[in-house]
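Down below is the structure, laid out as structure tokens.
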Amino acid sequence: MEFKVDMSFSAEEIAGMLKDYEEDHATGMDIGRMAELIYEHTSGYPFLVSKICKLIDEDVAGSEGFPDLKAAWTYGGFLEADRLLLGEKNTLFESMANKLYDLPELKEMVYSIISQADYQRRRKYYIESRTRNMERTDVIVDYHGEQMVIEMKIWRGNAYHERGEKQLMEYLDHYHLNKGYMVSFNFNKNKKTGVNRIALDGKVLVEAVV
């Protein structure tokens with residue numbers, strides 16, 4: 001028998017754990033804000049929540065620019081922990097990478113984007129670029145005059161996914177593009193992975209769930 005149980009933490013539950021930590025260490029952190037940051041970047045996935053907190057406590061604190069726990073448990077300290085997390089090898093990220101081999105179409109799409117961005121020197125890419133009206137996109141690749149907009153999300157249900165599609169459509173309108181990409185990282189045990197092409201209001205969205 002298979003039980004469908006949501007094992008992710010809510011922002012409130014993360015805040016509760018941070019409160020316990022704060023009682024022992026008195027860092028002066030903004031518990032509510034830090035809990036929201038952790039939740040937004042991990043979707044409450046227990047491994048990632050634990051890992052990023054451990055990095056702040058053990059690796060960021062005492063490093064250059066973050067001399068103590070008080071300095072580490074800040075927005076800047078969180079970003080540094082997030083950078084360290086993305087740069088290290090772990091079983092979760094390796095499992096996600098293996099999906100490239102399980103889903104040939106996803107592999108082809110990702111490799112195509114990377115190769116087009118890195119093939120020659122005449123390329124530019126922007127992480128979390130801003131449009132002229134100050135909206136934030138995830139990745140924009142410029143290659144030989146062609147632009148590609150890539151939106152990356154953590155899967156939080158259909159309603160959140162549909163908002164992501166709407167957001168991507170707005171970015172495409174802003175850049176006068178007819179095709180965009182959205183990659184959703186789904187940490188649910190019973191997830192359905194794959195790549196789909198969706199025609200929406202005269203545009204094509206290539207959506208991958210991993």
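So you can find residues: chains in the structure tokens are A, B, ... in the order shown, residues in each start at 1, and ligands are numbered from 1 in order.
Within 6 Å of stretch 151-162 of chain A, once only C-alpha atoms are used and residues closer than 2 positions along the same chain are dropped, the contacting residues are A:Asp138, A:Gly164, A:Glu165, A:Met182, A:Val183, A:Ser184, A:Phe185, A:Asn186.
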Dump of N, CA and C atoms for the selected residues, as a PDB file, in the first residue's frame:
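This is the output file out_1.pdb:
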ATOM      1  N   ASP A 138      13.719  34.838 -14.688  1.00  0.00           N
ATOM      2  CA  ASP A 138      14.746  33.953 -14.143  1.00  0.00           C
ATOM      3  C   ASP A 138      16.008  33.964 -14.995  1.00  0.00           C
ATOM      4  N   GLY A 164       2.559  30.758 -13.136  1.00  0.00           N
ATOM      5  CA  GLY A 164       3.860  30.777 -13.790  1.00  0.00           C
ATOM      6  C   GLY A 164       3.729  30.893 -15.302  1.00  0.00           C
ATOM      7  N   GLU A 165       2.746  30.181 -15.872  1.00  0.00           N
ATOM      8  CA  GLU A 165       2.498  30.284 -17.307  1.00  0.00           C
ATOM      9  C   GLU A 165       2.090  31.705 -17.690  1.00  0.00           C
ATOM     10  N   MET A 182       9.675  26.841 -19.616  1.00  0.00           N
ATOM     11  CA  MET A 182       9.450  26.814 -18.176  1.00  0.00           C
ATOM     12  C   MET A 182       9.859  25.446 -17.632  1.00  0.00           C
ATOM     13  N   VAL A 183      10.742  25.461 -16.640  1.00  0.00           N
ATOM     14  CA  VAL A 183      11.202  24.232 -15.992  1.00  0.00           C
ATOM     15  C   VAL A 183      10.700  24.238 -14.559  1.00  0.00           C
ATOM     16  N   SER A 184       9.926  23.216 -14.192  1.00  0.00           N
ATOM     17  CA  SER A 184       9.386  23.097 -12.836  1.00  0.00           C
ATOM     18  C   SER A 184      10.056  21.934 -12.121  1.00  0.00           C
ATOM     19  N   PHE A 185      10.577  22.199 -10.934  1.00  0.00           N
ATOM     20  CA  PHE A 185      11.222  21.161 -10.127  1.00  0.00           C
ATOM     21  C   PHE A 185      10.206  20.654  -9.103  1.00  0.00           C
ATOM     22  N   ASN A 186       9.816  19.398  -9.256  1.00  0.00           N
ATOM     23  CA  ASN A 186       8.773  18.813  -8.420  1.00  0.00           C
ATOM     24  C   ASN A 186       9.408  17.798  -7.470  1.00  0.00           C
TER      25      ASN A 186
END
Who sits within 9 Å of A:Glu207, only C-alpha atoms, same chain under 6 positions skipped, as a ChimeraX atom specification: /A:180-184,194-198
Would you kindly return, as an NGL selection string, each protein, DNA or RNA residue with an atom no farther than 9 Å from any atom of A:Gly77, considering only C-alpha atoms and excluding same-chain residues fewer than 2 positions away? :A and (56 or 60-61 or 65-66 or 71-75 or 79-82)
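Going from atom CA of A:Gly62 over to atom CA of A:Glu12, you cover 28.0 Å.
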In Å and to one decimal, atom CA of A:Ile14 is distant from atom CA of A:Ala35 by 5.5 Å
Give me the residues within 10 Å of A:Phe47 as a PyMOL selection string, counting only C-alpha atoms and dropping any in the same chain fewer than 4 places off. chain A and resi 8+42+51-52+92
Contacts of A:Lys203 at 6 Å (only C-alpha atoms; same-chain gap of 3+ positions) as a list in words: Asn178, Lys179, Ala199 and Leu200 of chain A
Of A:Val209, A:Arg83, A:Thr27, A:Tyr171, the one sitting nearest A:His41 when using only C-alpha atoms is A:Arg83
Q) Excluding same-chain residues fewer than 3 positions from stretch 16-19 of chain A, what lies within 12 Å of it counting only C-alpha atoms, as JSON, numbers by chain? A) {"A": [9, 10, 11, 12, 13, 22, 23, 24, 25, 26, 27, 28, 29, 30, 31, 32, 33, 34, 35, 36, 38, 46, 49, 50, 53, 54, 57, 73]}
